[in-house]
Every structure is written in structure tokens, then in C-alpha cells.
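*Asks:* If you scroll down you'll find the structure; I have some questions about it.
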Amino acid sequence: MAERKPIESWLTDMDGVLIHEGVPIPGADAFIKRLREAERPFLVLTNNSIYTARDLHARLARMGLDVPVENIWTSALATAQFLDDQRPGGTAYVIGEAGLTTALHDIGYVLTDHEPDYVVLGETRTYSFEALTKAIRLINAGARFIGTNPDETGPSPEGPLPATGSVAALITKATGKDPYFAGKPNPLMMRTGLNAIGAHSETSAMIGDRMDTDVLAGLEAGMETFLVLTGLTTPADVDKYPFRPSKVVDSIADLVDRV
């Protein structure tokens with residue numbers, strides 16, 4: 001088997017890799033600093049579609065992590081890129097927050113509940129029965145169903161919260177229509193991200209804390225994959241999957257010298 005080419009570009013998940021519950025993980029600042037000093041193409045990814053890249057830049061800056069806006073890639077941006085490629089200048093009924101609505105506005109989409117081309121479901125802390133009912137009726141009337149990401153739960157200080165994947169399942173049950181998810185583990189999110197920074201999968205690596213999204217997406221996109229143990233996955237969890245990361249490391253701090 002041919003050896004992989006040296007890593008020139010890096011993609012990394014955010015929660016569980018760089019930060020955990022609003023606190024930087026030791027080594028995250030050094031890793032980002034090394035990437036910028038070496039002028040390596042890189043992206044910080046998140047399946048969370050609530051925030052804009054500008055919001056996340058400010059949030060990370062408050063934690064001491066200097067990540068430029070153009071180096072942040074969200075499932076909302078990946079969804080917008082997908083829709084812009086599929087149906088430029090289309091219309092959508094959106095359930096989500098500013099991260100998603102801004103991304104769709106930026107590609108020239110009109111947000112409407114009148115015969116939209118798409119129903120687009122994203123993350124929000126205020127899913128309403130009225131909005132979900134409207135989404136179900138629009139999908140039954142012919143709108144195509146898109147989801148930003150398939151995560152079934154999300155973290156909060158009080159415990160897990162239902163996320164986009166769980167709400168999408170409700171809509172699927174009511175309509176019989178499955179959504180197309182643009183976010184991880186869909187390799188589309190990785191490939192559009194790589195394109196955004198002019199990188200190639202054969203010389204790129206993906207760092208994540210989840211086997212079922214980060215590692216799987218990186219693997220299917222043809223990248224080298226690193227699993228860190230600072231998030232949701234334990235060493236025992238790795239063997240439960242039929243695929244493996246290229247390497248398991250304790251934390252992002254172990255990868256600083258790889259840049």
C-alpha cells in the first residue's frame with residue numbers, strides 16, 4: 001500500500017477538540033498558532049448551524065483562540081454551498097438561527113413559506129410546533145427536505161438537548177420523506193471545505209473527537225484522520241466501529257509538532 005503524502009492542510013472539529021464547554025483544551029492555542037505561523041491552509045469545522053462564522057470567530061477570540069472568519073466552516077455554510085450549486089437563486093422555508101438564515105441570504109436565496117423549493121432544517125433552541133407543522137405541510141406539498149446535520153443530540157450544561165437529527169426524524173415520520181443532510185459525516189462538507197481553502201484530500205488531515213461524524217467524514221473524503229480523546233469518544237469506543245482513524249492521540253497538543 002502506497003504511503004500517504006505529507007500533510008499540508010488541516011481540518012479540525014471545534015467542540016471536543018479545540019474547546020470543551022466554553023474552555024479551550026490545552027494545546028489548542030499552540031496548534032492554531034503553529035498553523036498560522038507555518039501558513040498552512042486550515043479550517044475549523046462545526047456541525048452546529050446556530051452561529052455565523054463571525055459569531056464563532058468572536059467566541060473563539062474570547063477564549064484566546066485567534067481563528068480568522070475565513071477559516072471557519074459550519075454545516076450552515078456547507079448547506080448553503082450545496083443549495084447554491086443545486087438550484088441557484090432558489091427559495092426556502094427555514095427552521096433555524098442566524099447562522100443558517102445568513103448563509104442562505106448570502107447566496108441570494110429568498111426565505112419564504114409560499115411554495116418554497118426547499119424546507120431547510122437547522123439547529124435552534126426554540127423549535128416550535130407551529131413551524132414544524134408548516135414544514136411538514138410544505139414537504140407534503142412538494143418542497144424538498146434538507147437538514148444541516150444529522151446530530152441527534154447536542155450538549156448543554158444541563159445535559160443532552162434534542163438536535164437537528166431528532167427533529168428531522170419527527171418530520172420524516174410525518175411525511176415519509178428523508179432529508180438530505182449536508183453536514184458531517186457527509187463527505188460533501190469536507191470536500192466543499194477543502195475547495196474553500198484550495199486543499200486536496202490526499203494531503204489533508206481531519207481531527208475530531210467523534211468516530212461517527214468526524215472520523216467517518218474524513219475517511220470517506222480520503223483524508224488522514226486523527227481521533228482525540230478530549231471529547232465524546234473513549235479508547236474502548238473505537239473498536240465498536242468497522243473503521244478506524246489513522247491514529248488515536250490524547251489531545252490536540254499531541255499534534256502541534258505535526259504541523
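Naming scheme: A, B, ... for chains in displayed order of the C-alpha cells; residues 1 onward per chain; ligands 1 onward as shown.
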Skip Glu224 (chain A) itself and residues of its chain fewer than 4 positions away, then list as a list in words all residues within 8 Å of it, counting only C-alpha atoms.

*Replies:*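 Final neighbour list, sorted by chain and number: Glu202, Ser204, Ala205, Met206, Gly218, Leu219, Pro245 and Ser246 of chain A.
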
*Asks:* Could I get the residues of region 134-231 of chain A with an atom no further than 10 Å from an atom of region 92-107 of chain A, each paired with its nearest atom pair and that distance in Å to one decimal, using only C-alpha atoms, sorted by chain and residue number, as a Markdown table?

*Replies:*
| residue | atom | partner | partner_atom | distance |
| --- | --- | --- | --- | --- |
| A:Lys134 | CA | A:Tyr93 | CA | 9.0 |
| A:Ala135 | CA | A:Tyr93 | CA | 7.4 |
| A:Leu138 | CA | A:Tyr93 | CA | 8.4 |
| A:Ile139 | CA | A:Tyr93 | CA | 10.0 |
| A:Ala143 | CA | A:Ala92 | CA | 8.5 |
| A:Arg144 | CA | A:Ala92 | CA | 9.2 |
| A:Phe145 | CA | A:Ala92 | CA | 9.8 |
| A:Ile146 | CA | A:Val94 | CA | 9.6 |
| A:Gly147 | CA | A:Ile95 | CA | 9.7 |
| A:Thr148 | CA | A:Leu100 | CA | 8.5 |
| A:Thr164 | CA | A:Gly96 | CA | 9.4 |

*Asks:* Write out as a PDB file with C-alpha atoms, in the first residue's frame the residues lying within 12 Å of region 77-89 of chain A, counting only C-alpha atoms and excluding same-chain residues fewer than 5 positions away.

*Replies:*
ATOM      1  CA  LEU A  45     -15.443  22.881  11.405  1.00  0.00           C
ATOM      2  CA  THR A  46     -18.657  22.565  13.341  1.00  0.00           C
ATOM      3  CA  ASN A  47     -21.946  20.816  12.631  1.00  0.00           C
ATOM      4  CA  ASN A  48     -23.684  23.456  14.734  1.00  0.00           C
ATOM      5  CA  SER A  49     -25.628  25.744  12.387  1.00  0.00           C
ATOM      6  CA  ILE A  50     -26.773  28.272  15.005  1.00  0.00           C
ATOM      7  CA  TYR A  51     -23.872  30.711  14.724  1.00  0.00           C
ATOM      8  CA  THR A  52     -22.342  32.597  11.817  1.00  0.00           C
ATOM      9  CA  ALA A  53     -18.618  32.299  11.166  1.00  0.00           C
ATOM     10  CA  GLU A  70     -12.491  32.659   6.557  1.00  0.00           C
ATOM     11  CA  ASN A  71     -11.048  29.651   8.385  1.00  0.00           C
ATOM     12  CA  ILE A  72     -14.372  28.648   9.962  1.00  0.00           C
ATOM     13  CA  VAL A  94     -36.081  27.715   7.085  1.00  0.00           C
ATOM     14  CA  ALA A  98     -28.869  33.373  12.229  1.00  0.00           C
ATOM     15  CA  GLY A  99     -26.041  31.071  11.175  1.00  0.00           C
ATOM     16  CA  LEU A 100     -28.334  29.347   8.693  1.00  0.00           C
ATOM     17  CA  THR A 101     -30.520  32.230   7.570  1.00  0.00           C
ATOM     18  CA  THR A 102     -27.474  34.467   6.997  1.00  0.00           C
ATOM     19  CA  ALA A 103     -25.728  31.781   4.950  1.00  0.00           C
ATOM     20  CA  LEU A 104     -28.798  31.399   2.729  1.00  0.00           C
ATOM     21  CA  HIS A 105     -29.272  35.154   2.357  1.00  0.00           C
ATOM     22  CA  ASP A 106     -25.618  35.447   1.336  1.00  0.00           C
ATOM     23  CA  ILE A 107     -26.121  33.091  -1.633  1.00  0.00           C
ATOM     24  CA  GLY A 108     -29.176  35.051  -2.758  1.00  0.00           C
ATOM     25  CA  TYR A 109     -31.883  32.722  -1.503  1.00  0.00           C
ATOM     26  CA  VAL A 110     -35.349  34.066  -0.720  1.00  0.00           C
ATOM     27  CA  LEU A 111     -36.769  32.795   2.570  1.00  0.00           C
ATOM     28  CA  PRO A 116     -40.581  27.082  -1.422  1.00  0.00           C
ATOM     29  CA  ASP A 117     -38.145  24.906  -3.367  1.00  0.00           C
ATOM     30  CA  TYR A 118     -36.776  23.552  -0.102  1.00  0.00           C
ATOM     31  CA  VAL A 119     -37.570  23.131   3.557  1.00  0.00           C
ATOM     32  CA  VAL A 120     -34.246  23.576   5.366  1.00  0.00           C
ATOM     33  CA  LEU A 121     -33.988  22.357   8.952  1.00  0.00           C
ATOM     34  CA  GLY A 122     -31.170  23.557  11.175  1.00  0.00           C
ATOM     35  CA  ARG A 144     -37.514  19.112  -0.944  1.00  0.00           C
ATOM     36  CA  PHE A 145     -36.297  18.331   2.584  1.00  0.00           C
ATOM     37  CA  ILE A 146     -32.765  19.408   3.584  1.00  0.00           C
ATOM     38  CA  GLY A 147     -31.095  19.156   7.015  1.00  0.00           C
ATOM     39  CA  THR A 148     -27.917  20.910   8.051  1.00  0.00           C
ATOM     40  CA  ASN A 149     -26.609  17.962  10.087  1.00  0.00           C
ATOM     41  CA  TYR A 180     -30.540  15.186   2.707  1.00  0.00           C
ATOM     42  CA  PHE A 181     -28.014  16.185   5.363  1.00  0.00           C
ATOM     43  CA  ALA A 182     -25.173  18.437   4.179  1.00  0.00           C
ATOM     44  CA  GLY A 183     -23.100  18.321   7.382  1.00  0.00           C
ATOM     45  CA  LYS A 184     -20.780  15.649   8.790  1.00  0.00           C
ATOM     46  CA  ASN A 186     -21.433  13.649   4.657  1.00  0.00           C
ATOM     47  CA  PRO A 187     -18.050  13.963   2.895  1.00  0.00           C
ATOM     48  CA  LEU A 188     -19.632  16.806   0.932  1.00  0.00           C
ATOM     49  CA  MET A 189     -18.981  19.118   3.901  1.00  0.00           C
ATOM     50  CA  MET A 190     -15.323  18.139   3.874  1.00  0.00           C
ATOM     51  CA  ARG A 191     -14.903  18.437   0.117  1.00  0.00           C
ATOM     52  CA  THR A 192     -16.574  21.847  -0.089  1.00  0.00           C
ATOM     53  CA  GLY A 193     -14.422  22.936   2.850  1.00  0.00           C
ATOM     54  CA  LEU A 194     -11.264  21.707   1.142  1.00  0.00           C
ATOM     55  CA  ASN A 195     -12.276  23.545  -2.015  1.00  0.00           C
ATOM     56  CA  ALA A 196     -12.787  26.728   0.004  1.00  0.00           C
TER      57      ALA A 196
END

*Asks:* Would you kindly return, as a PyMOL selection string, each protein, DNA or RNA residue with an atom no farther than 7 Å from any atom of Val256 (chain A), considering only C-alpha atoms and excluding same-chain residues fewer than 3 positions away?

*Replies:* chain A and resi 30-31+34+252-253+259

*Asks:* Can you pull out the residues contacting Leu60 (chain A)? Cut-off 10 Å, using only C-alpha atoms, and skip same-chain residues under 4 positions away; I want them as a ChimeraX atom specification.

*Replies:* /A:14,18-19,22-24,54-56,64-68

*Asks:* Let me see the file: selected residues, all heavy atoms, as an mmCIF file, in the first residue's frame.

*Replies:*
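selection-v8.cif was written with the following content:
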data_model
loop_
_atom_site.group_PDB
_atom_site.id
_atom_site.type_symbol
_atom_site.label_atom_id
_atom_site.label_comp_id
_atom_site.auth_asym_id
_atom_site.auth_seq_id
_atom_site.Cartn_x
_atom_site.Cartn_y
_atom_site.Cartn_z
ATOM 1 N N MET A 14 -14.395 21.554 16.183
ATOM 2 C CA MET A 14 -14.231 22.591 17.193
ATOM 3 C C MET A 14 -14.527 22.050 18.592
ATOM 4 O O MET A 14 -13.626 21.930 19.423
ATOM 5 C CB MET A 14 -15.143 23.787 16.887
ATOM 6 C CG MET A 14 -14.936 24.980 17.814
ATOM 7 S SD MET A 14 -15.842 26.443 17.269
ATOM 8 C CE MET A 14 -17.529 25.926 17.549
ATOM 9 N N LEU A 18 -10.907 21.583 20.110
ATOM 10 C CA LEU A 18 -10.290 22.867 20.472
ATOM 11 C C LEU A 18 -10.852 23.438 21.770
ATOM 12 O O LEU A 18 -10.121 24.077 22.534
ATOM 13 C CB LEU A 18 -10.484 23.880 19.339
ATOM 14 C CG LEU A 18 -9.890 23.524 17.979
ATOM 15 C CD1 LEU A 18 -10.200 24.622 16.972
ATOM 16 C CD2 LEU A 18 -8.388 23.289 18.072
ATOM 17 N N ILE A 19 -12.141 23.231 21.996
ATOM 18 C CA ILE A 19 -12.783 23.762 23.200
ATOM 19 C C ILE A 19 -13.694 22.701 23.801
ATOM 20 O O ILE A 19 -14.122 21.763 23.121
ATOM 21 C CB ILE A 19 -13.607 25.042 22.910
ATOM 22 C CG1 ILE A 19 -14.745 24.740 21.913
ATOM 23 C CG2 ILE A 19 -12.721 26.152 22.387
ATOM 24 C CD1 ILE A 19 -15.697 25.908 21.690
ATOM 25 N N GLY A 22 -16.980 25.708 26.591
ATOM 26 C CA GLY A 22 -16.581 27.110 26.669
ATOM 27 C C GLY A 22 -15.168 27.358 27.163
ATOM 28 O O GLY A 22 -14.789 28.510 27.401
ATOM 29 N N VAL A 23 -14.376 26.310 27.302
ATOM 30 C CA VAL A 23 -12.993 26.458 27.786
ATOM 31 C C VAL A 23 -12.044 25.838 26.760
ATOM 32 O O VAL A 23 -12.291 24.725 26.280
ATOM 33 C CB VAL A 23 -12.809 25.753 29.150
ATOM 34 C CG1 VAL A 23 -11.367 25.859 29.613
ATOM 35 C CG2 VAL A 23 -13.761 26.356 30.177
ATOM 36 N N PRO A 24 -10.955 26.543 26.410
ATOM 37 C CA PRO A 24 -10.005 25.962 25.449
ATOM 38 C C PRO A 24 -9.360 24.695 26.009
ATOM 39 O O PRO A 24 -9.052 24.611 27.201
ATOM 40 C CB PRO A 24 -8.954 27.063 25.274
ATOM 41 C CG PRO A 24 -9.587 28.313 25.773
ATOM 42 C CD PRO A 24 -10.560 27.894 26.828
ATOM 43 N N ARG A 54 -18.676 34.652 11.762
ATOM 44 C CA ARG A 54 -18.254 35.848 12.514
ATOM 45 C C ARG A 54 -18.542 35.686 14.006
ATOM 46 O O ARG A 54 -17.728 36.059 14.860
ATOM 47 C CB ARG A 54 -18.967 37.083 11.963
ATOM 48 C CG ARG A 54 -18.376 38.394 12.467
ATOM 49 C CD ARG A 54 -19.142 39.579 11.901
ATOM 50 N NE ARG A 54 -19.202 39.514 10.451
ATOM 51 C CZ ARG A 54 -20.025 40.268 9.721
ATOM 52 N NH1 ARG A 54 -20.872 41.089 10.306
ATOM 53 N NH2 ARG A 54 -20.012 40.165 8.403
ATOM 54 N N ASP A 55 -19.704 35.119 14.326
ATOM 55 C CA ASP A 55 -20.041 34.850 15.733
ATOM 56 C C ASP A 55 -19.011 33.912 16.364
ATOM 57 O O ASP A 55 -18.543 34.140 17.490
ATOM 58 C CB ASP A 55 -21.424 34.176 15.849
ATOM 59 C CG ASP A 55 -22.561 35.074 15.419
ATOM 60 O OD1 ASP A 55 -22.416 36.306 15.492
ATOM 61 O OD2 ASP A 55 -23.604 34.523 14.999
ATOM 62 N N LEU A 56 -18.669 32.854 15.632
ATOM 63 C CA LEU A 56 -17.740 31.859 16.166
ATOM 64 C C LEU A 56 -16.326 32.432 16.295
ATOM 65 O O LEU A 56 -15.611 32.117 17.243
ATOM 66 C CB LEU A 56 -17.739 30.616 15.275
ATOM 67 C CG LEU A 56 -19.038 29.801 15.305
ATOM 68 C CD1 LEU A 56 -19.015 28.711 14.250
ATOM 69 C CD2 LEU A 56 -19.302 29.218 16.683
ATOM 70 N N GLY A 64 -9.185 33.124 23.640
ATOM 71 C CA GLY A 64 -7.763 33.189 23.330
ATOM 72 C C GLY A 64 -7.348 32.425 22.089
ATOM 73 O O GLY A 64 -6.158 32.214 21.857
ATOM 74 N N LEU A 65 -8.319 32.008 21.271
ATOM 75 C CA LEU A 65 -8.023 31.279 20.035
ATOM 76 C C LEU A 65 -8.295 32.197 18.845
ATOM 77 O O LEU A 65 -9.437 32.579 18.599
ATOM 78 C CB LEU A 65 -8.881 30.015 19.930
ATOM 79 C CG LEU A 65 -8.728 29.001 21.063
ATOM 80 C CD1 LEU A 65 -9.659 27.815 20.840
ATOM 81 C CD2 LEU A 65 -7.287 28.509 21.174
ATOM 82 N N ASP A 66 -7.249 32.550 18.121
ATOM 83 C CA ASP A 66 -7.368 33.507 17.026
ATOM 84 C C ASP A 66 -7.574 32.769 15.707
ATOM 85 O O ASP A 66 -6.625 32.410 15.017
ATOM 86 C CB ASP A 66 -6.104 34.380 16.968
ATOM 87 C CG ASP A 66 -6.236 35.520 15.952
ATOM 88 O OD1 ASP A 66 -7.363 35.744 15.464
ATOM 89 O OD2 ASP A 66 -5.209 36.154 15.646
ATOM 90 N N VAL A 67 -8.841 32.543 15.358
ATOM 91 C CA VAL A 67 -9.194 31.849 14.126
ATOM 92 C C VAL A 67 -9.905 32.832 13.202
ATOM 93 O O VAL A 67 -11.007 33.289 13.513
ATOM 94 C CB VAL A 67 -10.118 30.637 14.402
ATOM 95 C CG1 VAL A 67 -10.441 29.918 13.092
ATOM 96 C CG2 VAL A 67 -9.470 29.686 15.399
ATOM 97 N N PRO A 68 -9.305 33.184 12.065
ATOM 98 C CA PRO A 68 -9.947 34.120 11.148
ATOM 99 C C PRO A 68 -11.306 33.610 10.665
ATOM 100 O O PRO A 68 -11.530 32.383 10.601
ATOM 101 C CB PRO A 68 -8.953 34.212 9.980
ATOM 102 C CG PRO A 68 -7.636 33.820 10.568
ATOM 103 C CD PRO A 68 -7.960 32.782 11.599
#

*Asks:* Interatomic distance between CA of Asp214 (chain A) and CA of Leu11 (chain A)?

*Replies:*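 CA of Asp214 (chain A) sits 9.8 Å away from CA of Leu11 (chain A).
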
*Asks:* From the DSSP assignment of the backbone, select every residue of region 140-248 of chain A that is helix (DSSP H, G or I), and format the answer as a PyMOL selection string.

*Replies:* chain A and resi 140+164-175+187-196+201-203+211-220+235-238

*Asks:* Applying 12 Å and only C-alpha atoms, which residues near Ala174 (chain A) remain after dropping the ones on its own chain fewer than 4 positions away? List them as a PyMOL selection string.

*Replies:* chain A and resi 132-140+167-170+178

*Asks:* Take the residues from that selection and put them in a file with N, CA and C atoms, as a compact mmCIF listing (two decimals), in the first residue's frame.

*Replies:*
# COMPACT_ATOMS: atom_id res chain seq x y z
N LEU A 132 -42.87 23.47 12.80
CA LEU A 132 -42.73 22.09 12.36
C LEU A 132 -43.94 21.63 11.55
N THR A 133 -45.11 22.04 11.99
CA THR A 133 -46.34 21.71 11.25
C THR A 133 -46.29 22.31 9.85
N LYS A 134 -45.84 23.55 9.76
CA LYS A 134 -45.75 24.22 8.45
C LYS A 134 -44.74 23.49 7.57
N ALA A 135 -43.60 23.09 8.15
CA ALA A 135 -42.58 22.38 7.39
C ALA A 135 -43.13 21.07 6.84
N ILE A 136 -43.86 20.34 7.66
CA ILE A 136 -44.46 19.07 7.25
C ILE A 136 -45.42 19.28 6.08
N ARG A 137 -46.26 20.30 6.17
CA ARG A 137 -47.24 20.55 5.11
C ARG A 137 -46.56 20.98 3.81
N LEU A 138 -45.48 21.77 3.92
CA LEU A 138 -44.76 22.21 2.72
C LEU A 138 -44.06 21.03 2.04
N ILE A 139 -43.48 20.14 2.84
CA ILE A 139 -42.82 18.95 2.27
C ILE A 139 -43.87 18.05 1.60
N ASN A 140 -45.01 17.88 2.24
CA ASN A 140 -46.09 17.09 1.63
C ASN A 140 -46.59 17.72 0.34
N VAL A 167 -35.16 16.09 15.41
CA VAL A 167 -36.32 16.83 14.89
C VAL A 167 -36.61 16.41 13.45
N ALA A 168 -35.55 16.14 12.69
CA ALA A 168 -35.74 15.67 11.32
C ALA A 168 -36.48 14.34 11.31
N ALA A 169 -36.20 13.48 12.29
CA ALA A 169 -36.87 12.18 12.37
C ALA A 169 -38.37 12.36 12.58
N LEU A 170 -38.73 13.37 13.37
CA LEU A 170 -40.15 13.67 13.58
C LEU A 170 -40.82 14.05 12.26
N ASP A 178 -37.25 11.43 3.75
CA ASP A 178 -35.98 11.56 4.46
C ASP A 178 -35.26 12.82 3.99

*Asks:* So how many Å separate CA of Glu115 (chain A) and CA of Ala76 (chain A), to one decimal?

*Replies:*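 Computing the Euclidean distance for CA of Glu115 (chain A) and CA of Ala76 (chain A) yields 21.8 Å.
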
*Asks:* I need the strand (DSSP E) residues of region 35-241 of chain A per DSSP on the backbone, written as JSON, numbers by chain.

*Replies:* {"A": [42, 43, 44, 45, 46, 72, 73, 74, 91, 92, 93, 94, 95, 110, 111, 118, 119, 120, 121, 144, 145, 146, 147, 153, 154, 161, 162, 180, 181, 204, 205, 206, 207, 208, 224, 225, 226, 227, 228]}

*Asks:* Could you write out the selected residues, including N, CA and C atoms, as an mmCIF file, in the first residue's frame?

*Replies:*
data_model
loop_
_atom_site.group_PDB
_atom_site.id
_atom_site.type_symbol
_atom_site.label_atom_id
_atom_site.label_comp_id
_atom_site.auth_asym_id
_atom_site.auth_seq_id
_atom_site.Cartn_x
_atom_site.Cartn_y
_atom_site.Cartn_z
ATOM 1 N N PHE A 42 -6.049 25.814 6.611
ATOM 2 C CA PHE A 42 -6.771 25.054 7.636
ATOM 3 C C PHE A 42 -8.198 25.566 7.774
ATOM 4 N N LEU A 43 -9.041 24.707 8.332
ATOM 5 C CA LEU A 43 -10.425 25.062 8.638
ATOM 6 C C LEU A 43 -10.806 24.489 9.995
ATOM 7 N N VAL A 44 -11.557 25.269 10.748
ATOM 8 C CA VAL A 44 -12.202 24.795 11.968
ATOM 9 C C VAL A 44 -13.659 24.514 11.606
ATOM 10 N N LEU A 45 -14.103 23.289 11.815
ATOM 11 C CA LEU A 45 -15.443 22.881 11.405
ATOM 12 C C LEU A 45 -16.362 22.667 12.595
ATOM 13 N N THR A 46 -17.641 22.914 12.348
ATOM 14 C CA THR A 46 -18.657 22.565 13.341
ATOM 15 C C THR A 46 -19.950 22.207 12.634
ATOM 16 N N ILE A 72 -13.302 29.321 9.217
ATOM 17 C CA ILE A 72 -14.372 28.648 9.962
ATOM 18 C C ILE A 72 -15.405 28.142 8.962
ATOM 19 N N TRP A 73 -15.759 26.883 9.082
ATOM 20 C CA TRP A 73 -16.685 26.246 8.139
ATOM 21 C C TRP A 73 -17.762 25.514 8.927
ATOM 22 N N THR A 74 -19.015 25.932 8.758
ATOM 23 C CA THR A 74 -20.134 25.367 9.508
ATOM 24 C C THR A 74 -21.038 24.542 8.604
ATOM 25 N N THR A 91 -35.580 29.258 -3.401
ATOM 26 C CA THR A 91 -36.359 29.709 -2.244
ATOM 27 C C THR A 91 -36.394 28.605 -1.194
ATOM 28 N N ALA A 92 -36.531 29.019 0.062
ATOM 29 C CA ALA A 92 -36.534 28.032 1.142
ATOM 30 C C ALA A 92 -37.349 28.504 2.325
ATOM 31 N N TYR A 93 -38.000 27.537 2.956
ATOM 32 C CA TYR A 93 -38.607 27.769 4.263
ATOM 33 C C TYR A 93 -37.616 27.226 5.280
ATOM 34 N N VAL A 94 -37.184 28.064 6.194
ATOM 35 C CA VAL A 94 -36.081 27.715 7.085
ATOM 36 C C VAL A 94 -36.519 27.653 8.538
ATOM 37 N N ILE A 95 -36.126 26.581 9.205
ATOM 38 C CA ILE A 95 -36.224 26.498 10.657
ATOM 39 C C ILE A 95 -34.794 26.494 11.174
ATOM 40 N N VAL A 110 -34.197 33.398 -1.309
ATOM 41 C CA VAL A 110 -35.349 34.066 -0.720
ATOM 42 C C VAL A 110 -35.972 33.120 0.304
ATOM 43 N N LEU A 111 -36.166 33.614 1.523
ATOM 44 C CA LEU A 111 -36.769 32.795 2.570
ATOM 45 C C LEU A 111 -38.265 33.067 2.605
ATOM 46 N N TYR A 118 -37.320 24.406 -1.153
ATOM 47 C CA TYR A 118 -36.776 23.552 -0.102
ATOM 48 C C TYR A 118 -37.357 23.921 1.259
ATOM 49 N N VAL A 119 -37.450 22.917 2.116
ATOM 50 C CA VAL A 119 -37.570 23.131 3.557
ATOM 51 C C VAL A 119 -36.199 22.803 4.133
ATOM 52 N N VAL A 120 -35.596 23.762 4.822
ATOM 53 C CA VAL A 120 -34.246 23.576 5.366
ATOM 54 C C VAL A 120 -34.325 23.605 6.895
ATOM 55 N N LEU A 121 -33.938 22.493 7.493
ATOM 56 C CA LEU A 121 -33.988 22.357 8.952
ATOM 57 C C LEU A 121 -32.586 22.474 9.534
ATOM 58 N N ARG A 144 -38.562 20.092 -1.232
ATOM 59 C CA ARG A 144 -37.514 19.112 -0.944
ATOM 60 C C ARG A 144 -36.981 19.351 0.467
ATOM 61 N N PHE A 145 -36.645 18.275 1.161
ATOM 62 C CA PHE A 145 -36.297 18.331 2.584
ATOM 63 C C PHE A 145 -34.772 18.264 2.755
ATOM 64 N N ILE A 146 -34.202 19.316 3.349
ATOM 65 C CA ILE A 146 -32.765 19.408 3.584
ATOM 66 C C ILE A 146 -32.517 19.615 5.081
ATOM 67 N N GLY A 147 -31.505 18.938 5.629
ATOM 68 C CA GLY A 147 -31.095 19.156 7.015
ATOM 69 C C GLY A 147 -29.640 19.578 7.052
ATOM 70 N N THR A 153 -28.400 14.617 19.185
ATOM 71 C CA THR A 153 -28.391 15.401 20.417
ATOM 72 C C THR A 153 -27.236 16.386 20.391
ATOM 73 N N GLY A 154 -27.355 17.428 21.205
ATOM 74 C CA GLY A 154 -26.297 18.402 21.376
ATOM 75 C C GLY A 154 -26.036 18.612 22.855
ATOM 76 N N LEU A 161 -29.411 17.859 24.640
ATOM 77 C CA LEU A 161 -30.582 18.508 24.062
ATOM 78 C C LEU A 161 -30.924 17.825 22.739
ATOM 79 N N PRO A 162 -32.215 17.722 22.387
ATOM 80 C CA PRO A 162 -32.544 17.195 21.057
ATOM 81 C C PRO A 162 -31.989 18.138 19.990
ATOM 82 N N TYR A 180 -31.937 15.283 3.126
ATOM 83 C CA TYR A 180 -30.540 15.186 2.707
ATOM 84 C C TYR A 180 -29.749 16.059 3.661
ATOM 85 N N PHE A 181 -28.826 15.449 4.402
ATOM 86 C CA PHE A 181 -28.014 16.185 5.363
ATOM 87 C C PHE A 181 -26.704 16.621 4.711
ATOM 88 N N SER A 204 -4.331 16.199 3.102
ATOM 89 C CA SER A 204 -5.061 16.855 4.187
ATOM 90 C C SER A 204 -5.386 15.868 5.301
ATOM 91 N N ALA A 205 -5.584 16.414 6.498
ATOM 92 C CA ALA A 205 -5.937 15.587 7.653
ATOM 93 C C ALA A 205 -7.157 16.176 8.347
ATOM 94 N N MET A 206 -7.944 15.289 8.958
ATOM 95 C CA MET A 206 -9.112 15.675 9.735
ATOM 96 C C MET A 206 -8.902 15.255 11.177
ATOM 97 N N ILE A 207 -9.121 16.201 12.103
ATOM 98 C CA ILE A 207 -9.010 15.920 13.536
ATOM 99 C C ILE A 207 -10.405 16.011 14.146
ATOM 100 N N GLY A 208 -10.803 14.994 14.888
ATOM 101 C CA GLY A 208 -12.115 15.034 15.505
ATOM 102 C C GLY A 208 -12.163 14.231 16.792
ATOM 103 N N GLU A 224 -6.352 11.751 5.827
ATOM 104 C CA GLU A 224 -5.795 11.115 7.011
ATOM 105 C C GLU A 224 -6.641 11.577 8.202
ATOM 106 N N THR A 225 -6.867 10.713 9.178
ATOM 107 C CA THR A 225 -7.766 11.055 10.286
ATOM 108 C C THR A 225 -7.093 10.859 11.640
ATOM 109 N N PHE A 226 -7.335 11.813 12.529
ATOM 110 C CA PHE A 226 -6.819 11.743 13.897
ATOM 111 C C PHE A 226 -7.988 11.846 14.869
ATOM 112 N N LEU A 227 -8.097 10.897 15.772
ATOM 113 C CA LEU A 227 -9.117 10.929 16.812
ATOM 114 C C LEU A 227 -8.481 11.400 18.106
ATOM 115 N N VAL A 228 -9.039 12.449 18.714
ATOM 116 C CA VAL A 228 -8.569 12.909 20.024
ATOM 117 C C VAL A 228 -9.533 12.399 21.092
#

*Asks:* Here is a test: counting only C-alpha atoms, which residue of A:Glu152, A:Asp257, A:Asp13, A:Glu8 is nearest to Asp209 (chain A)?

*Replies:*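 That would be A:Asp13, the residue with the smallest distance to Asp209 (chain A).
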
*Asks:* Between CA of His200 (chain A) and CA of Pro150 (chain A), what distance in Å does the model show, to one decimal?

*Replies:* 25.2 Å

*Asks:* So that I can see what lies close to Arg258 (chain A), please list as a PyMOL selection string the residues with an atom at most 9 Å from it, counting only C-alpha atoms and leaving out residues fewer than 3 positions away in the same chain.

*Replies:* chain A and resi 7+254-255

*Asks:* Let me see the file: selected residues, C-alpha atoms, as a tab-separated table (two decimals), in the first residue's frame.

*Replies:*
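The resulting file, part12.tsv, is reproduced below:
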chain	number	residue	atom	x	y	z
A	7	ILE	CA	0.05	16.64	5.45
A	254	ASP	CA	-0.02	15.86	20.56
A	255	LEU	CA	-0.40	17.17	17.01

*Asks:* Looking at A:Ala236, A:Ser75, A:Asp113, A:Pro155, which one is nearest to Pro185 (chain A), with distances taken over only C-alpha atoms?

*Replies:* A:Ser75
